[in-house]
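Below is one structure; the comments refer to it alone.
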Amino acid sequence: MTVSGGLTVSPEDESFRAEVRAWLAEHLHGDFADIVGTGGPGREHEALERRREWERRLGDGNWIGLGWPVDKGGRAASLTRQVIFHEEYARAGGPGRLGHMSEQLVGPTLLAFGTAQQQDRFLPGILSGEVLWCQGYSEPGAGSDLAGVRTKASLRGEEYVLEGQKVWTSLAHIADWCFVVARTDPAQTRHRGLSYLLVPMAQPGVRVRPIAQLTGTSEFNEVFFDGAVTGVENRIGDEGDGWRVAMGTLAFERGVATLGQQIGFERELTAVIETARATGALADPALRARLVDAWIGLRVMRYTAIRTLASSGEGAPGFEGSISKLQWANWHRDLGELAVDVAGPGALVTEGAPYELTDAQRLFLYTRADTIYGGTNEIQRNIIAERMLGLPR
Amino acid sequence: MNQHGTVTRADERDDMRRTVAEFLDRYSDSGRVRAAMASEHGYDTALWRRCSQELGTTALVVPERCGGLGMGFADAAVVIEEFGRRVVPSPLLTTVVAAAAAAACDTGEADELLRVIAEEGAAVSIAFEGERPVRATRTGRRWSLRGRPAHVMHGADVDVLLVVAETGNAGDPALFVVRRAAEGVRADRLVTLDQTRSLAEVELAGARAVPLAGEGNVKSIVDMVTELTLIALAAESAAAARSCLEATVEYLKVRHQFGKPLGSFQALKHRCADLAVDVEGAESTAWYAVETALADPGERAVVAPLAKAVCADTFMRVAAESVQLHGGIGFTFEHDAHLFLKRAKANQHLLASPQELRRKVGEAAGL
């Protein structure tokens, strides 16, 4: 499947695609053949060191920050080309990106809200794949209700001193920096009095503890700030303006990665269908109907993504993010159940000790996170109902 | 405007959508829809004439050489959608599909049909294969049809029928043009579940017919008519689902119970949000189907049944929720909610049921 139907793909775009393919063939299927298909949701614990090296290789190839302005070190690539890159990356089995939060979240935040000095300091490390970032938003008392942040940052001279706890921080154990939403004005509540701070991870005041997940693996962490410090120059935006900066970041996602993600979904669905064929589940009318619906659902997501991209550039990003999140999270979670349901009696036995899951079992269990992280289904529904449909609070 | 700041096809379509919407707001409000569905012909023939003359709706996809406007199927879909948003009873959908297929035929017979549509504002419907296949027989240069097709949308009240019939040789069916008023054509209007779209039982007893396509592309034109009808029904359903959801949301904003608007209750909000996700998916699917309808026949064979299944099912879900979320008023005849409910159920089953469509999609997917 390639981009079509509304997104213009020029001959130059096609030669760009050829360039991406050639580069991936040379590098991914060359030096990094051992980590093809590693990482990603449910496998985030795999091959961390090698994937770190891979990020640097991507940086060398100037494949990070494709859509960023040229004077900031990017390629100013069109949406179409960004999509092409994601599609080819997924098709080639590119490893789950450790630099996702660097490139997709903190990078765009720096571009939108950072000072020239901050951009000069932090963007090169992101673009080279050298420096990895993690996200310090959620807390034990601030999940869906992010404005409930209690981590405190008090100004002491030219430094902020942080006290508090973050949770669900993926990659915190290998990240170099964390972008943190912390309360800088204890007199203020909710969305007010928060600031957006960049905090170095390698210091005595930061402790990281992995969270044991229901999958038996650990991809997320708790992060404890106990006297951790960061310079006042590492605050993005004004003091007290952290909510606006953090929310601005969330609006950057424009579905460019969605079509690439769907290539991964297609691969998973194909595997489920093959299992169903092997076990005879495909001949069962009820299971077959669910498989057809899954196949249709993937097409619907694809058409939605293409339509969103085709209408991009028309004003501010809308609510496509929430629509698409609900669409794919529910679809993926259903696929996880279907994967186990078509696998037959063997679905109940793992690959082995301690708790080595089959692909179907991992999909079934891990996709429980899809409908929770990045804004739960319920939060997405609130956003759609209140902000898109205009229903009263 | 697109990224480059130029005026696009999309802008022109937006203008057209606005024009049609204003026209229908003026001439086909809920009261007129109800009058039309209860009228002698089951649709407002004065509105049909006015549409043809003032908006050129029948001439939209007719090539300019046949007196039409030479627009694309995707342009015409905009008009079908606006009619769908208001469940306007009309043979517009089948007339547009018939014209789009005829425009692809490049025969004298097809051009003649196109001229009749564009210049005389003829209403056309399509008779697909039913339980007793229609057979075409040839005597000299004259073709005649015999048999009973599937129920035909507005079939008793159109000027021309496009009939899918078996020609005996090779088994592939072909398309024939039949005047509804011709001898040997009986078309009885049935009382239908969907009161906004009548159906007719058509009996052909030696009716005189003219083949639409040339020998070479008989099969491809029959497939095209079938698939374009599915796509048109998909586009109509997605648009109707959107307007049904909009009306429901508006009602939840103004209707107060327990001292607050119903729409402030999270249980109801979340149901609306889920519907909004479904409608977005349906609109996108219809959009893709319409945009690619004439470009790639291979892809269309998959997309058409998929789009109709997705859009009609979504429409049904929205219409059912609309009745429920309106509460008691939603069960009255006076409120329009039931018009959408009935149209939605009918759209699910017209031409092919959700099960048949899924079987087709499954086969195409190699399942």
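The chains in the structure tokens are called A, B, ... from first to last as shown; in each chain the residues are counted from 1, and the ligands are counted from 1 in the order shown.
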Can you work out which residues from chain A touch chain B at a cut-off of 9 Å (counting only C-alpha atoms) and hand them back as a ChimeraX atom specification? /A:5-6,273,277,282,288-289,291-293,295-297,299-308,310-314,322-324,326-327,378,380-386,388-393
Report as an MDAnalysis selection string all protein, DNA and RNA residues lying within 7 Å of Tyr43 in chain B, evaluated on only C-alpha atoms, omitting residues in the same chain fewer than 6 positions from it. chainID B and resid 36:37 89:90
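Excluding Trp143 in chain B itself and any same-chain residue fewer than 4 positions from it, the protein and nucleic acid residues within 7 Å of it, counting only C-alpha atoms, are Ala136, Thr137, Arg138, Thr139, Arg208, Ala209 and Val210 of chain B.
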Quick one: write out the picked residues with N, CA and C atoms as an mmCIF file, in the first residue's frame?
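What ended up in result.cif:
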```cif
data_model
loop_
_atom_site.group_PDB
_atom_site.id
_atom_site.type_symbol
_atom_site.label_atom_id
_atom_site.label_comp_id
_atom_site.auth_asym_id
_atom_site.auth_seq_id
_atom_site.Cartn_x
_atom_site.Cartn_y
_atom_site.Cartn_z
ATOM 1 N N ALA B 136 -32.635 -11.217 -22.098
ATOM 2 C CA ALA B 136 -32.747 -10.384 -23.296
ATOM 3 C C ALA B 136 -32.711 -11.289 -24.517
ATOM 4 N N THR B 137 -33.653 -11.102 -25.400
ATOM 5 C CA THR B 137 -33.619 -11.891 -26.641
ATOM 6 C C THR B 137 -33.636 -10.950 -27.829
ATOM 7 N N ARG B 138 -33.043 -11.446 -28.889
ATOM 8 C CA ARG B 138 -32.854 -10.608 -30.060
ATOM 9 C C ARG B 138 -33.622 -11.186 -31.238
ATOM 10 N N THR B 139 -34.388 -10.330 -31.872
ATOM 11 C CA THR B 139 -35.067 -10.727 -33.099
ATOM 12 C C THR B 139 -34.655 -9.720 -34.149
ATOM 13 N N ARG B 208 -39.425 -3.646 -25.174
ATOM 14 C CA ARG B 208 -38.408 -3.283 -26.156
ATOM 15 C C ARG B 208 -37.224 -2.600 -25.453
ATOM 16 N N ALA B 209 -36.007 -2.999 -25.835
ATOM 17 C CA ALA B 209 -34.826 -2.500 -25.134
ATOM 18 C C ALA B 209 -33.698 -2.200 -26.105
ATOM 19 N N VAL B 210 -32.820 -1.318 -25.673
ATOM 20 C CA VAL B 210 -31.652 -0.966 -26.477
ATOM 21 C C VAL B 210 -30.408 -1.231 -25.637
#
```
What residues in range 96-293 of chain B get the DSSP label alpha helix (DSSP H)? Please answer as a ChimeraX atom specification. /B:96-103,108-120,218-254,266-292
How would you write, as a ChimeraX atom specification, the set of residues in range 187-300 of chain B that DSSP gives as strand (DSSP E)? /B:187-190,199-211,256-257,260-261
What does the distance between CA of Asp359 in chain A and CA of Arg267 in chain A come to in Å, to one decimal place?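 These atoms are spaced 11.9 Å apart.
The coordinates place CA of Gly260 in chain A at 8.2 Å from CA of Phe85 in chain A.
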Just the number, please: distance in Å from CA of Ala118 in chain B to CA of Arg18 in chain B, one decimal.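 It comes out at 22.1 Å.
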Pick out the residues sitting within 6 Å of Ser237 in chain B, and hand them over as a ChimeraX atom specification; count only C-alpha atoms, and ignore anything fewer than 5 positions along from it in its own chain. /B:311-312,315
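Taking only C-alpha atoms into account, Ala234 in chain B lies nearest to B:Val279 out of the set B:Val279, B:Ala110, B:Ala103, B:Leu204.
Within 12 Å of Ala150 in chain B, once only C-alpha atoms are used and residues closer than 6 positions along the same chain are dropped, the contacting residues are Ser125, Ile126, Ala127, Phe128, Glu129, Gly130, Glu131, Arg132, Pro133, Val134, Val163, Val164, Ala165, Ala187, Leu199, Ala200, Glu201, Val202, Glu203, Leu204, His349, Leu350, Leu351 and Ala352 of chain B.
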Taking C-alpha atoms for each residue, export the selection above as a PDB file, in the first residue's frame.
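Dumped to selection35.pdb:
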```
ATOM      1  CA  SER B 125     -33.376   4.155 -12.256  1.00  0.00           C
ATOM      2  CA  ILE B 126     -31.537   0.874 -12.373  1.00  0.00           C
ATOM      3  CA  ALA B 127     -33.025  -2.622 -12.371  1.00  0.00           C
ATOM      4  CA  PHE B 128     -30.470  -5.064 -10.989  1.00  0.00           C
ATOM      5  CA  GLU B 129     -30.740  -8.819 -11.121  1.00  0.00           C
ATOM      6  CA  GLY B 130     -33.432 -10.243  -8.893  1.00  0.00           C
ATOM      7  CA  GLU B 131     -34.593 -13.729  -8.100  1.00  0.00           C
ATOM      8  CA  ARG B 132     -35.881 -14.340 -11.630  1.00  0.00           C
ATOM      9  CA  PRO B 133     -33.173 -13.148 -13.976  1.00  0.00           C
ATOM     10  CA  VAL B 134     -34.223 -10.879 -16.800  1.00  0.00           C
ATOM     11  CA  VAL B 163     -31.913  -3.030 -16.832  1.00  0.00           C
ATOM     12  CA  VAL B 164     -29.289  -5.683 -16.149  1.00  0.00           C
ATOM     13  CA  ALA B 165     -30.231  -8.671 -18.291  1.00  0.00           C
ATOM     14  CA  ALA B 187     -43.917  -1.093 -12.644  1.00  0.00           C
ATOM     15  CA  LEU B 199     -39.368   0.814  -4.542  1.00  0.00           C
ATOM     16  CA  ALA B 200     -41.175  -0.693  -7.477  1.00  0.00           C
ATOM     17  CA  GLU B 201     -41.894  -4.230  -8.510  1.00  0.00           C
ATOM     18  CA  VAL B 202     -41.039  -4.317 -12.183  1.00  0.00           C
ATOM     19  CA  GLU B 203     -42.252  -6.975 -14.567  1.00  0.00           C
ATOM     20  CA  LEU B 204     -40.875  -7.016 -18.081  1.00  0.00           C
ATOM     21  CA  HIS B 349     -29.940  -3.794   2.391  1.00  0.00           C
ATOM     22  CA  LEU B 350     -30.309  -2.041  -0.953  1.00  0.00           C
ATOM     23  CA  LEU B 351     -28.437  -3.828  -3.733  1.00  0.00           C
ATOM     24  CA  ALA B 352     -26.525  -6.041  -1.276  1.00  0.00           C
TER      25      ALA B 352
END
```
